[in-house]
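For reference, the structure discussed in these notes is given below.
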Amino acid sequence: MKILVCVKQISDTDDIVRIDASRAWIEYHEKTSFRMNRYDEYALEEALRIREKYPETSIDAISLGPARAVSTIRKALEMGADNGIHLLAEQNSFISPSEIATLIATVAKPKGYSLILAGVMAEDDMFCQTGQLVAAMLGLPCATSVIYQERFENGKTLYVEREIEGGQRECLHIDLPAVLTIQSGINRPRYPSLSNVLRARKQEILRLNIKDLRQPEPCECLACLSYPQTQLKGEFIQGSLENKARTLLRVLHQKALL
Amino acid sequence: MKAQIVIVAQHTSGQVDPVTYEVIACAQELGRKQNFASIVVVLGKKTRGLAQEIADTCGLEIIGIENEALEMYNAEAYRAALGEALMQLHPAYIVLPHTSMGYDLAAPLSIDLKAACITSVEAILTTDHAVSFQRSLFSGKIIAQIVPCKTPAVLTIQPGAWRAEKEKVTHTVEICITQMHLKPTSTKTICMKPSEHEGLDLNQADVIIAAGKGIGNEENLSLIFELAKIFPNSAVGSSRTVCDQGWLGYQHQIGSTGKTVAPKLYVAVGISGAIQHITGMKDSQVIVAINKDPNASIFSVAEYCIVEDLEAFIPALLDEYRQLKSGQK
Ligand SMILES: Cc1cc2nc3c(=O)[nH]c(=O)nc-3n(C[C@H](O)[C@H](O)[C@H](O)COP(=O)(O)OP(=O)(O)OC[C@H]3O[C@@H](n4cnc5c(N)ncnc54)[C@H](O)[C@@H]3O)c2cc1C
Ligand SMILES: Nc1ncnc2c1ncn2[C@@H]1O[C@H](COP(=O)(O)O)[C@@H](O)[C@H]1O
């Protein structure tokens, strides 16, 4: 069985996020740290577990992004993916989910994957669309927010649990080939082993410039970015550490909460 | 029936989900701005009761689409049924809630309809020549305005972004129920399983101290439990990430896929304030947020905001508390 895992590189969410001068996208600086989207780590780990159970499995990891995205593909190889594919987007600019999905689907189509895994959501753009779009473009069934999956003996069908609101689960049977978008908590992603780290260092990554692929037509475009105008409901408590602690205790006491 | 905006209702176990009325409120706003009429589509095995309830609450025209295969939510069956209905209605917008149903369905519908797709919309902006939709990026630190470049556009609406408007409906509302023929689906919905994360009744607590990823490691949970101890009738909650890390069990998780709580006091410690977390705690009476990042979104819902490193602040708070106590004696 051949599995494709979509891994997106994102900037660390704790960092300060700055809008560029033209308000068109995010401006990154030397200190910005980049990492793999957390949901994609879970997706990759799920693929690795499938391969442990069915050793004939091979796993490709694909990422669309600028040159720096290679480090995220490298991380996927370190965790244990067999091959890396980099769809190079030269510019650091907004690319809509429909464009990303078109490009991923174009590359995935001739490869005949039995299973395509993505994260349920990218932590930066938070669209929750890409996996579903890839599925629809390839005419494959799709289950989102998957929190459990298991393959049946026949090798053709998956038993899948989707997590829905309140933690309930929708249980379904889905035929392969299929696309799953993975929810966090489905497993515990592993740390790379030394042998995989050494292997990944030397390994070639297939690189395709998106300019050389079929140009997707954008369905939505980004007009502009802005910072939220936080209408603070409350107040920032000021002062030294001790002062803040004292003030907080006093207001909680006044409100009879303490 | 003719309408430019089609709302897809969400329901569970024969009840209309409240989020449906939020989506209707959003659609009404869009309709007022563009002079468009709205219609609600309800899919199910039996839809009369649901349709009547919606009609009585908002006064919009309703289409009920019935088939055995629509008894439980099934992406394939819903997509096929909606696809067919929408081909006939030709709407400019299809609006769904941004829920596990909405984001499951929106993208494939947009492919079927050759439509634009904009998810988790929080506001509508109109200028003379264009309509754009506002949504959050980077856990709410950035706001984006997105413009659909195609018609129709499929939208999913962030729960909590619109307030449900219930009006007194005096006119008679047209309800049209049709049986739709559907091909058998290859994806089979088997059953619904209840949440496995019961066992801790967070709703009984007056005070919830909630830990986020910002606690950094499992050892720092002791700070959270110690802080909880100074409050009578308190409990410890958490963000999903803390449970995913294995630091606390999922019975502690608060948010859209965890528990919804509304205690007298909610203290969010090292929680960024992702919308999925806020959904589960925003109705708390008093919210205190402790975070070292002054731009964290959690501060927009908090009454008392403290920008500090929790590893320094919580020990200081506990110290002050002890001093106060001993001073009182
Ligand atoms: C479909 C779906 C459903 C979801 N359901 C839920 C849900 O039910 N509940 C839920 O919580 N999440 C849910 N999530 C996840 C959600 O999107 C966020 O990823 C999650 O809430 C983030 O948790 P966090 O705030 O603990 O971590 P982070 O976002 O990593 O934030 C950590 C915060 O801690 C601060 N911090 C770091 N160090 C310190 C320090 N020393 N002192 C003080 N502050 C510090 C940082 O500034 C940051 O703001 C869901 C996501 C999806 C896609
Ligand atoms: N640029 C990208 N490269 C690789 N995978 C991506 C990319 N963008 C999105 N994805 C995948 O699609 C998922 C959902 O992303 P989104 O629709 O942007 O929320 C992510 O978790 C990834 O698995």
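Identifiers in this document derive from the order of the structure tokens: chains are assigned A, B, ..., residues are numbered from 1 separately in each chain, and ligands are numbered from 1 in order of occurrence.
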
Compile a residue-level contact table for stretch 114-176 of chain A against stretch 42-51 of chain A at a cut-off of 8 Å, reporting for every qualifying residue the shortest atom pair and its distance in Å to one decimal, with only C-alpha atoms counted, rows ordered by chain and ascending number, as a tab-separated table.
residue	atom	partner	partner_atom	distance
A:Leu117	CA	A:Ala43	CA	5.9
A:Ala118	CA	A:Ala43	CA	6.1
A:Gly119	CA	A:Ala43	CA	6.1

Could you write out, as a PyMOL selection string, all the residues of stretch 110-234 of chain A that DSSP marks as strand (DSSP E or B)?
-> chain A and resi 115-119+142-151+157-163+169-175+178-182+206-209+220-226

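Summary of the local environment: counting only C-alpha atoms, residues at most 8 Å from A:Gly80, other than itself and those fewer than 4 positions away along its chain, are A:Leu48, A:Ala76, A:Pro192, A:Asn196.
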
Any chance you could tabulate, as JSON lines, the residues of chain A at most 10 Å from ligand 1 with each one's nearest atom pair and distance in Å to one decimal, using only C-alpha atoms and all ligand atoms, in chain and rising number order?
{"residue": "A:Asp12", "atom": "CA", "partner": "ligand 1", "partner_atom_place_in_ligand_line": "30 (O)", "distance": 8.9}
{"residue": "A:Thr13", "atom": "CA", "partner": "ligand 1", "partner_atom_place_in_ligand_line": "30 (O)", "distance": 6.8}
{"residue": "A:Asp14", "atom": "CA", "partner": "ligand 1", "partner_atom_place_in_ligand_line": "47 (O)", "distance": 5.2}
{"residue": "A:Asp15", "atom": "CA", "partner": "ligand 1", "partner_atom_place_in_ligand_line": "47 (O)", "distance": 8.0}
{"residue": "A:Ile16", "atom": "CA", "partner": "ligand 1", "partner_atom_place_in_ligand_line": "47 (O)", "distance": 9.6}
{"residue": "A:Arg38", "atom": "CA", "partner": "ligand 1", "partner_atom_place_in_ligand_line": "19 (O)", "distance": 8.6}
{"residue": "A:Tyr39", "atom": "CA", "partner": "ligand 1", "partner_atom_place_in_ligand_line": "53 (C)", "distance": 8.1}
{"residue": "A:Gly119", "atom": "CA", "partner": "ligand 1", "partner_atom_place_in_ligand_line": "53 (C)", "distance": 8.6}
{"residue": "A:Val120", "atom": "CA", "partner": "ligand 1", "partner_atom_place_in_ligand_line": "53 (C)", "distance": 5.8}
{"residue": "A:Met121", "atom": "CA", "partner": "ligand 1", "partner_atom_place_in_ligand_line": "53 (C)", "distance": 5.3}
{"residue": "A:Ala122", "atom": "CA", "partner": "ligand 1", "partner_atom_place_in_ligand_line": "53 (C)", "distance": 8.1}
{"residue": "A:Glu123", "atom": "CA", "partner": "ligand 1", "partner_atom_place_in_ligand_line": "19 (O)", "distance": 7.3}
{"residue": "A:Met126", "atom": "CA", "partner": "ligand 1", "partner_atom_place_in_ligand_line": "53 (C)", "distance": 7.7}
{"residue": "A:Phe127", "atom": "CA", "partner": "ligand 1", "partner_atom_place_in_ligand_line": "53 (C)", "distance": 9.3}
{"residue": "A:Cys128", "atom": "CA", "partner": "ligand 1", "partner_atom_place_in_ligand_line": "53 (C)", "distance": 7.5}
{"residue": "A:Thr144", "atom": "CA", "partner": "ligand 1", "partner_atom_place_in_ligand_line": "1 (C)", "distance": 8.9}
{"residue": "A:Ser145", "atom": "CA", "partner": "ligand 1", "partner_atom_place_in_ligand_line": "1 (C)", "distance": 6.3}
{"residue": "A:Val146", "atom": "CA", "partner": "ligand 1", "partner_atom_place_in_ligand_line": "1 (C)", "distance": 9.7}
{"residue": "A:Glu163", "atom": "CA", "partner": "ligand 1", "partner_atom_place_in_ligand_line": "1 (C)", "distance": 7.9}
{"residue": "A:Ile164", "atom": "CA", "partner": "ligand 1", "partner_atom_place_in_ligand_line": "1 (C)", "distance": 7.7}
{"residue": "A:Glu165", "atom": "CA", "partner": "ligand 1", "partner_atom_place_in_ligand_line": "3 (C)", "distance": 7.8}
{"residue": "A:Gly166", "atom": "CA", "partner": "ligand 1", "partner_atom_place_in_ligand_line": "8 (O)", "distance": 7.4}
{"residue": "A:Gly167", "atom": "CA", "partner": "ligand 1", "partner_atom_place_in_ligand_line": "8 (O)", "distance": 7.8}
{"residue": "A:Ile182", "atom": "CA", "partner": "ligand 1", "partner_atom_place_in_ligand_line": "53 (C)", "distance": 9.2}
{"residue": "A:Gln183", "atom": "CA", "partner": "ligand 1", "partner_atom_place_in_ligand_line": "53 (C)", "distance": 6.8}
{"residue": "A:Ser184", "atom": "CA", "partner": "ligand 1", "partner_atom_place_in_ligand_line": "51 (C)", "distance": 7.6}

With a distance threshold of 7 Å and counting only C-alpha atoms, extract the residues of chain A near chain B and express them as a ChimeraX atom specification.
-> /A:13,123-129,132-133,136,144,164-175,184-185,219-228,230-237,241-242,245-246,258

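Across A:Glu161, A:Glu217, A:Asp82, A:Glu99, the tightest approach to ligand 2 is made by A:Glu99 when counting only C-alpha atoms and all ligand atoms.
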
Point-to-point distance in Å for atom CA of B:Gly160 and atom CA of B:Val236 = 24.4 Å

Backbone-only DSSP, helix (DSSP H, G or I) members of stretch 13-56 of chain B, as JSON, numbers by chain = {"B": [18, 19, 20, 21, 22, 23, 24, 25, 26, 27, 28, 29, 30, 31, 32, 33, 34, 48, 49, 50, 51, 52, 53, 54, 55, 56]}

Selection file, N, CA, C and O atoms, as a short mmCIF file (atom, residue, chain, number, x, y, z; two decimals), in the first residue's frame:
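Result file again.cif:
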data_model
loop_
_atom_site.label_atom_id
_atom_site.label_comp_id
_atom_site.auth_asym_id
_atom_site.auth_seq_id
_atom_site.Cartn_x
_atom_site.Cartn_y
_atom_site.Cartn_z
N PRO B 18 -28.62 24.51 17.93
CA PRO B 18 -28.68 25.97 18.06
C PRO B 18 -27.80 26.70 17.06
O PRO B 18 -28.14 27.79 16.61
N VAL B 19 -26.70 26.09 16.66
CA VAL B 19 -25.78 26.76 15.73
C VAL B 19 -26.48 27.06 14.39
O VAL B 19 -26.14 28.01 13.70
N THR B 20 -27.52 26.28 14.06
CA THR B 20 -28.28 26.54 12.83
C THR B 20 -28.85 27.96 12.83
O THR B 20 -28.85 28.64 11.81
N TYR B 21 -29.31 28.40 14.00
CA TYR B 21 -29.91 29.75 14.07
C TYR B 21 -28.85 30.84 13.97
O TYR B 21 -29.14 31.95 13.54
N GLU B 22 -27.64 30.51 14.38
CA GLU B 22 -26.54 31.48 14.19
C GLU B 22 -26.25 31.62 12.69
O GLU B 22 -26.03 32.72 12.19
N VAL B 23 -26.25 30.49 12.01
CA VAL B 23 -26.00 30.53 10.56
C VAL B 23 -27.11 31.30 9.86
O VAL B 23 -26.86 32.09 8.94
N ILE B 24 -28.33 31.11 10.32
CA ILE B 24 -29.47 31.84 9.73
C ILE B 24 -29.27 33.35 9.95
O ILE B 24 -29.48 34.15 9.03
N ALA B 25 -28.81 33.73 11.14
CA ALA B 25 -28.59 35.15 11.43
C ALA B 25 -27.54 35.73 10.48
O ALA B 25 -27.68 36.85 9.97
N CYS B 26 -26.49 34.96 10.22
CA CYS B 26 -25.45 35.41 9.30
C CYS B 26 -26.03 35.57 7.90
O CYS B 26 -25.81 36.58 7.23
N ALA B 27 -26.81 34.58 7.48
CA ALA B 27 -27.40 34.61 6.14
C ALA B 27 -28.35 35.81 6.00
O ALA B 27 -28.40 36.46 4.95
N GLN B 28 -29.08 36.10 7.08
CA GLN B 28 -30.01 37.24 7.04
C GLN B 28 -29.23 38.54 6.85
O GLN B 28 -29.66 39.42 6.12
N GLU B 29 -28.08 38.64 7.53
CA GLU B 29 -27.26 39.85 7.39
C GLU B 29 -26.76 39.97 5.95
O GLU B 29 -26.84 41.03 5.33
N LEU B 30 -26.28 38.86 5.43
CA LEU B 30 -25.79 38.84 4.04
C LEU B 30 -26.93 39.21 3.09
O LEU B 30 -26.75 39.96 2.14
N GLY B 31 -28.11 38.67 3.38
CA GLY B 31 -29.29 38.92 2.55
C GLY B 31 -29.69 40.39 2.56
O GLY B 31 -30.00 40.97 1.51
N ARG B 32 -29.65 41.00 3.75
CA ARG B 32 -29.99 42.43 3.85
C ARG B 32 -29.00 43.27 3.08
O ARG B 32 -29.36 44.21 2.39
N LYS B 33 -27.72 42.89 3.18
CA LYS B 33 -26.68 43.70 2.51
C LYS B 33 -26.76 43.60 0.99
O LYS B 33 -26.41 44.53 0.28
N GLN B 34 -27.22 42.44 0.50
CA GLN B 34 -27.18 42.24 -0.96
C GLN B 34 -28.57 42.16 -1.57
O GLN B 34 -28.69 41.87 -2.75
N ARG B 48 -40.21 16.86 8.62
CA ARG B 48 -41.35 17.75 8.85
C ARG B 48 -41.22 18.52 10.17
O ARG B 48 -41.36 19.74 10.22
N GLY B 49 -40.93 17.78 11.24
CA GLY B 49 -40.85 18.40 12.57
C GLY B 49 -39.74 19.43 12.64
O GLY B 49 -39.91 20.55 13.16
N LEU B 50 -38.60 19.06 12.09
CA LEU B 50 -37.45 19.97 12.10
C LEU B 50 -37.78 21.23 11.29
O LEU B 50 -37.52 22.35 11.71
N ALA B 51 -38.37 21.00 10.11
CA ALA B 51 -38.69 22.12 9.23
C ALA B 51 -39.67 23.06 9.92
O ALA B 51 -39.52 24.29 9.87
N GLN B 52 -40.65 22.49 10.60
CA GLN B 52 -41.66 23.31 11.27
C GLN B 52 -41.01 24.15 12.37
O GLN B 52 -41.29 25.33 12.52
N GLU B 53 -40.10 23.51 13.11
CA GLU B 53 -39.43 24.22 14.20
C GLU B 53 -38.64 25.42 13.65
O GLU B 53 -38.70 26.52 14.20
N ILE B 54 -37.94 25.18 12.55
CA ILE B 54 -37.15 26.29 11.98
C ILE B 54 -38.08 27.37 11.44
O ILE B 54 -37.88 28.57 11.66
N ALA B 55 -39.14 26.94 10.77
CA ALA B 55 -40.10 27.90 10.21
C ALA B 55 -40.69 28.77 11.31
O ALA B 55 -40.82 29.98 11.17
N ASP B 56 -41.03 28.13 12.43
CA ASP B 56 -41.64 28.87 13.54
C ASP B 56 -40.66 29.84 14.19
O ASP B 56 -41.06 30.80 14.84
#

Surrounding residues of A:Glu27 excluding itself and chain neighbours under 3 positions, 12 Å, only C-alpha atoms, as a ChimeraX atom specification = /A:11,16-24,30-32,91-94,225

Create the file for the chosen residues now, containing all heavy atoms and written as a compact mmCIF listing (two decimals), in the first residue's frame.
# COMPACT_ATOMS: atom_id res chain seq x y z
N SER A 11 4.85 28.69 10.88
CA SER A 11 5.70 29.39 11.85
C SER A 11 5.15 29.10 13.24
O SER A 11 3.94 28.90 13.41
CB SER A 11 5.70 30.88 11.57
OG SER A 11 4.41 31.41 11.77
N ILE A 16 5.54 36.21 17.68
CA ILE A 16 4.84 37.41 17.23
C ILE A 16 4.62 37.26 15.72
O ILE A 16 5.53 36.85 15.00
CB ILE A 16 5.68 38.66 17.53
CG1 ILE A 16 5.78 38.82 19.05
CG2 ILE A 16 5.09 39.88 16.86
CD1 ILE A 16 6.73 39.90 19.49
N VAL A 17 3.42 37.56 15.27
CA VAL A 17 3.13 37.44 13.83
C VAL A 17 2.99 38.84 13.26
O VAL A 17 2.18 39.63 13.75
CB VAL A 17 1.83 36.63 13.60
CG1 VAL A 17 1.73 36.19 12.16
CG2 VAL A 17 1.75 35.43 14.52
N ARG A 18 3.78 39.16 12.24
CA ARG A 18 3.79 40.51 11.64
C ARG A 18 3.25 40.48 10.22
O ARG A 18 3.59 39.59 9.44
CB ARG A 18 5.21 41.08 11.59
CG ARG A 18 5.80 41.41 12.92
CD ARG A 18 5.92 42.94 13.13
NE ARG A 18 5.65 43.28 14.51
CZ ARG A 18 4.47 43.73 14.96
NH1 ARG A 18 3.47 43.94 14.16
NH2 ARG A 18 4.30 43.97 16.25
N ILE A 19 2.46 41.48 9.91
CA ILE A 19 1.93 41.61 8.56
C ILE A 19 2.93 42.40 7.72
O ILE A 19 3.54 43.35 8.24
CB ILE A 19 0.57 42.33 8.60
CG1 ILE A 19 -0.42 41.50 9.45
CG2 ILE A 19 0.03 42.60 7.20
CD1 ILE A 19 -1.72 42.21 9.75
N ASP A 20 3.12 42.03 6.45
CA ASP A 20 4.09 42.76 5.63
C ASP A 20 3.53 44.12 5.20
O ASP A 20 2.35 44.41 5.40
CB ASP A 20 4.57 41.92 4.44
CG ASP A 20 3.48 41.65 3.42
OD1 ASP A 20 2.47 42.37 3.42
OD2 ASP A 20 3.63 40.71 2.63
N ALA A 21 4.41 44.95 4.61
CA ALA A 21 4.06 46.35 4.34
C ALA A 21 2.86 46.49 3.41
O ALA A 21 2.05 47.40 3.56
CB ALA A 21 5.26 47.07 3.75
N SER A 22 2.71 45.55 2.48
CA SER A 22 1.59 45.67 1.54
C SER A 22 0.30 45.05 2.10
O SER A 22 -0.70 45.00 1.40
CB SER A 22 1.97 45.01 0.22
OG SER A 22 2.31 43.67 0.47
N ARG A 23 0.34 44.59 3.33
CA ARG A 23 -0.80 43.93 3.99
C ARG A 23 -1.27 42.68 3.22
O ARG A 23 -2.41 42.27 3.34
CB ARG A 23 -1.97 44.89 4.17
CG ARG A 23 -1.65 46.00 5.19
CD ARG A 23 -2.80 46.98 5.28
NE ARG A 23 -3.95 46.41 5.95
CZ ARG A 23 -5.18 46.90 5.85
NH1 ARG A 23 -5.44 47.93 5.08
NH2 ARG A 23 -6.19 46.34 6.50
N ALA A 24 -0.36 42.12 2.44
CA ALA A 24 -0.75 41.00 1.59
C ALA A 24 -0.45 39.65 2.23
O ALA A 24 -1.12 38.66 1.95
CB ALA A 24 -0.05 41.08 0.25
N GLU A 30 14.51 36.68 10.64
CA GLU A 30 15.52 35.62 10.89
C GLU A 30 15.16 34.78 12.10
O GLU A 30 15.49 33.60 12.17
CB GLU A 30 16.94 36.18 11.12
CG GLU A 30 17.40 37.32 10.27
CD GLU A 30 16.93 38.64 10.85
OE1 GLU A 30 17.49 39.07 11.86
OE2 GLU A 30 15.99 39.24 10.28
N LYS A 31 14.51 35.41 13.07
CA LYS A 31 14.28 34.68 14.31
C LYS A 31 13.02 33.81 14.27
O LYS A 31 12.79 33.04 15.20
CB LYS A 31 14.18 35.68 15.48
CG LYS A 31 15.56 36.16 15.91
CD LYS A 31 15.60 36.45 17.40
CE LYS A 31 16.11 37.84 17.69
NZ LYS A 31 15.29 38.75 18.38
N THR A 32 12.21 33.95 13.23
CA THR A 32 10.99 33.14 13.17
C THR A 32 11.38 31.66 13.17
O THR A 32 12.26 31.25 12.41
CB THR A 32 10.20 33.44 11.89
OG1 THR A 32 10.06 34.84 11.74
CG2 THR A 32 8.83 32.78 11.91
N GLN A 91 7.75 32.23 -3.90
CA GLN A 91 7.44 33.40 -3.09
C GLN A 91 6.80 33.02 -1.77
O GLN A 91 6.09 32.03 -1.67
CB GLN A 91 6.50 34.33 -3.85
CG GLN A 91 7.27 35.23 -4.79
CD GLN A 91 6.36 35.89 -5.78
OE1 GLN A 91 5.16 35.64 -5.81
NE2 GLN A 91 6.93 36.73 -6.61
N ASN A 92 7.04 33.87 -0.78
CA ASN A 92 6.34 33.74 0.48
C ASN A 92 5.06 34.54 0.35
O ASN A 92 5.04 35.74 0.60
CB ASN A 92 7.25 34.28 1.60
CG ASN A 92 6.47 34.49 2.89
OD1 ASN A 92 5.68 33.64 3.28
ND2 ASN A 92 6.67 35.63 3.53
N SER A 93 3.99 33.89 -0.12
CA SER A 93 2.74 34.62 -0.27
C SER A 93 1.58 33.69 0.05
O SER A 93 1.76 32.49 0.17
CB SER A 93 2.61 35.16 -1.69
OG SER A 93 2.66 34.09 -2.60
N PHE A 94 0.41 34.29 0.17
CA PHE A 94 -0.78 33.49 0.46
C PHE A 94 -1.12 32.62 -0.76
O PHE A 94 -1.13 33.09 -1.88
CB PHE A 94 -1.96 34.40 0.76
CG PHE A 94 -3.28 33.69 0.89
CD1 PHE A 94 -3.57 32.96 2.03
CD2 PHE A 94 -4.22 33.73 -0.14
CE1 PHE A 94 -4.79 32.29 2.15
CE2 PHE A 94 -5.43 33.06 -0.02
CZ PHE A 94 -5.71 32.34 1.13
N LEU A 225 -4.82 41.82 5.04
CA LEU A 225 -4.68 41.33 6.42
C LEU A 225 -4.70 42.52 7.37
O LEU A 225 -4.32 43.63 7.01
CB LEU A 225 -3.35 40.60 6.60
CG LEU A 225 -3.11 39.32 5.82
CD1 LEU A 225 -1.72 38.78 6.15
CD2 LEU A 225 -4.16 38.27 6.13

Please identify all polymer residues within 7 Å of B:Ile175, counting only C-alpha atoms, omitting same-chain residues fewer than 6 positions from it, and present them as JSON, numbers by chain.
-> {"B": [61, 62, 63]}

Who sits within 10 Å of A:Pro66, only C-alpha atoms, same chain under 2 positions skipped, as a PyMOL selection string | chain A and resi 9+63-64+68-70+86-93+209

For all heavy atoms, I'd like the residues from the last selection saved as a tab-separated table (two decimals), in the first residue's frame.
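Now in out_34.tsv:
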chain	number	residue	atom	x	y	z
A	9	GLN	N	4.55	23.27	6.51
A	9	GLN	CA	5.44	23.98	7.43
A	9	GLN	C	4.75	25.26	7.87
A	9	GLN	O	4.23	26.01	7.05
A	9	GLN	CB	6.76	24.33	6.75
A	9	GLN	CG	7.72	24.97	7.72
A	9	GLN	CD	9.05	25.30	7.08
A	9	GLN	OE1	9.13	26.08	6.15
A	9	GLN	NE2	10.10	24.69	7.58
A	63	SER	N	5.13	18.42	0.78
A	63	SER	CA	4.91	19.74	1.34
A	63	SER	C	5.02	20.78	0.24
A	63	SER	O	5.93	20.72	-0.59
A	63	SER	CB	5.93	20.04	2.44
A	63	SER	OG	5.55	21.23	3.11
A	64	LEU	N	4.09	21.72	0.25
A	64	LEU	CA	4.15	22.83	-0.68
A	64	LEU	C	4.56	24.06	0.11
A	64	LEU	O	3.93	24.39	1.12
A	64	LEU	CB	2.78	23.04	-1.33
A	64	LEU	CG	2.68	24.06	-2.47
A	64	LEU	CD1	1.51	23.70	-3.37
A	64	LEU	CD2	2.54	25.48	-1.99
A	68	ARG	N	12.48	26.97	2.48
A	68	ARG	CA	12.64	26.54	3.87
A	68	ARG	C	11.77	25.32	4.23
A	68	ARG	O	12.05	24.64	5.22
A	68	ARG	CB	12.33	27.69	4.83
A	68	ARG	CG	10.92	28.24	4.67
A	68	ARG	CD	10.57	29.26	5.73
A	68	ARG	NE	9.52	30.17	5.31
A	68	ARG	CZ	8.22	29.87	5.28
A	68	ARG	NH1	7.80	28.67	5.66
A	68	ARG	NH2	7.34	30.75	4.86
A	69	ALA	N	10.73	25.04	3.44
A	69	ALA	CA	9.84	23.91	3.74
A	69	ALA	C	10.58	22.58	3.68
A	69	ALA	O	10.11	21.57	4.22
A	69	ALA	CB	8.64	23.90	2.78
A	70	VAL	N	11.75	22.58	3.05
A	70	VAL	CA	12.56	21.36	2.99
A	70	VAL	C	12.84	20.82	4.38
A	70	VAL	O	12.85	19.61	4.60
A	70	VAL	CB	13.89	21.64	2.24
A	70	VAL	CG1	14.87	20.50	2.41
A	70	VAL	CG2	13.61	21.88	0.78
A	86	HIS	N	8.87	17.90	-2.51
A	86	HIS	CA	8.76	19.33	-2.22
A	86	HIS	C	8.18	20.06	-3.42
A	86	HIS	O	8.77	20.07	-4.49
A	86	HIS	CB	10.16	19.88	-1.87
A	86	HIS	CG	10.13	21.34	-1.53
A	86	HIS	ND1	11.23	22.14	-1.51
A	86	HIS	CD2	9.10	22.15	-1.19
A	86	HIS	CE1	10.89	23.37	-1.18
A	86	HIS	NE2	9.60	23.41	-0.99
A	87	LEU	N	7.02	20.66	-3.22
A	87	LEU	CA	6.44	21.50	-4.26
A	87	LEU	C	6.89	22.92	-3.95
A	87	LEU	O	6.38	23.55	-3.01
A	87	LEU	CB	4.91	21.39	-4.28
A	87	LEU	CG	4.35	19.98	-4.45
A	87	LEU	CD1	2.83	20.02	-4.57
A	87	LEU	CD2	4.95	19.29	-5.66
A	88	LEU	N	7.85	23.38	-4.70
A	88	LEU	CA	8.48	24.66	-4.37
A	88	LEU	C	7.64	25.84	-4.85
A	88	LEU	O	7.33	25.97	-6.03
A	88	LEU	CB	9.87	24.72	-5.01
A	88	LEU	CG	10.61	26.05	-4.84
A	88	LEU	CD1	11.01	26.28	-3.40
A	88	LEU	CD2	11.83	26.10	-5.76
A	89	ALA	N	7.25	26.67	-3.91
A	89	ALA	CA	6.59	27.94	-4.23
A	89	ALA	C	7.62	29.01	-3.92
A	89	ALA	O	7.99	29.19	-2.76
A	89	ALA	CB	5.34	28.12	-3.39
A	90	GLU	N	8.11	29.68	-4.92
A	90	GLU	CA	9.27	30.55	-4.68
A	90	GLU	C	8.96	31.71	-3.77
A	90	GLU	O	9.79	32.13	-2.98
A	90	GLU	CB	9.87	31.02	-6.01
A	90	GLU	CG	10.81	29.95	-6.57
A	90	GLU	CD	11.21	30.17	-8.00
A	90	GLU	OE1	10.71	31.12	-8.62
A	90	GLU	OE2	12.04	29.39	-8.48
A	91	GLN	N	7.75	32.23	-3.90
A	91	GLN	CA	7.44	33.40	-3.09
A	91	GLN	C	6.80	33.02	-1.77
A	91	GLN	O	6.09	32.03	-1.67
A	91	GLN	CB	6.50	34.33	-3.85
A	91	GLN	CG	7.27	35.23	-4.79
A	91	GLN	CD	6.36	35.89	-5.78
A	91	GLN	OE1	5.16	35.64	-5.81
A	91	GLN	NE2	6.93	36.73	-6.61
A	92	ASN	N	7.04	33.87	-0.78
A	92	ASN	CA	6.34	33.74	0.48
A	92	ASN	C	5.06	34.54	0.35
A	92	ASN	O	5.04	35.74	0.60
A	92	ASN	CB	7.25	34.28	1.60
A	92	ASN	CG	6.47	34.49	2.89
A	92	ASN	OD1	5.68	33.64	3.28
A	92	ASN	ND2	6.67	35.63	3.53
A	93	SER	N	3.99	33.89	-0.12
A	93	SER	CA	2.74	34.62	-0.27
A	93	SER	C	1.58	33.69	0.05
A	93	SER	O	1.76	32.49	0.17
A	93	SER	CB	2.61	35.16	-1.69
A	93	SER	OG	2.66	34.09	-2.60
A	209	ASN	N	9.00	22.54	-9.08
A	209	ASN	CA	8.61	23.94	-8.96
A	209	ASN	C	7.15	24.07	-9.38
A	209	ASN	O	6.77	23.58	-10.44
A	209	ASN	CB	9.52	24.80	-9.86
A	209	ASN	CG	9.40	26.26	-9.52
A	209	ASN	OD1	8.29	26.78	-9.34
A	209	ASN	ND2	10.53	26.93	-9.41
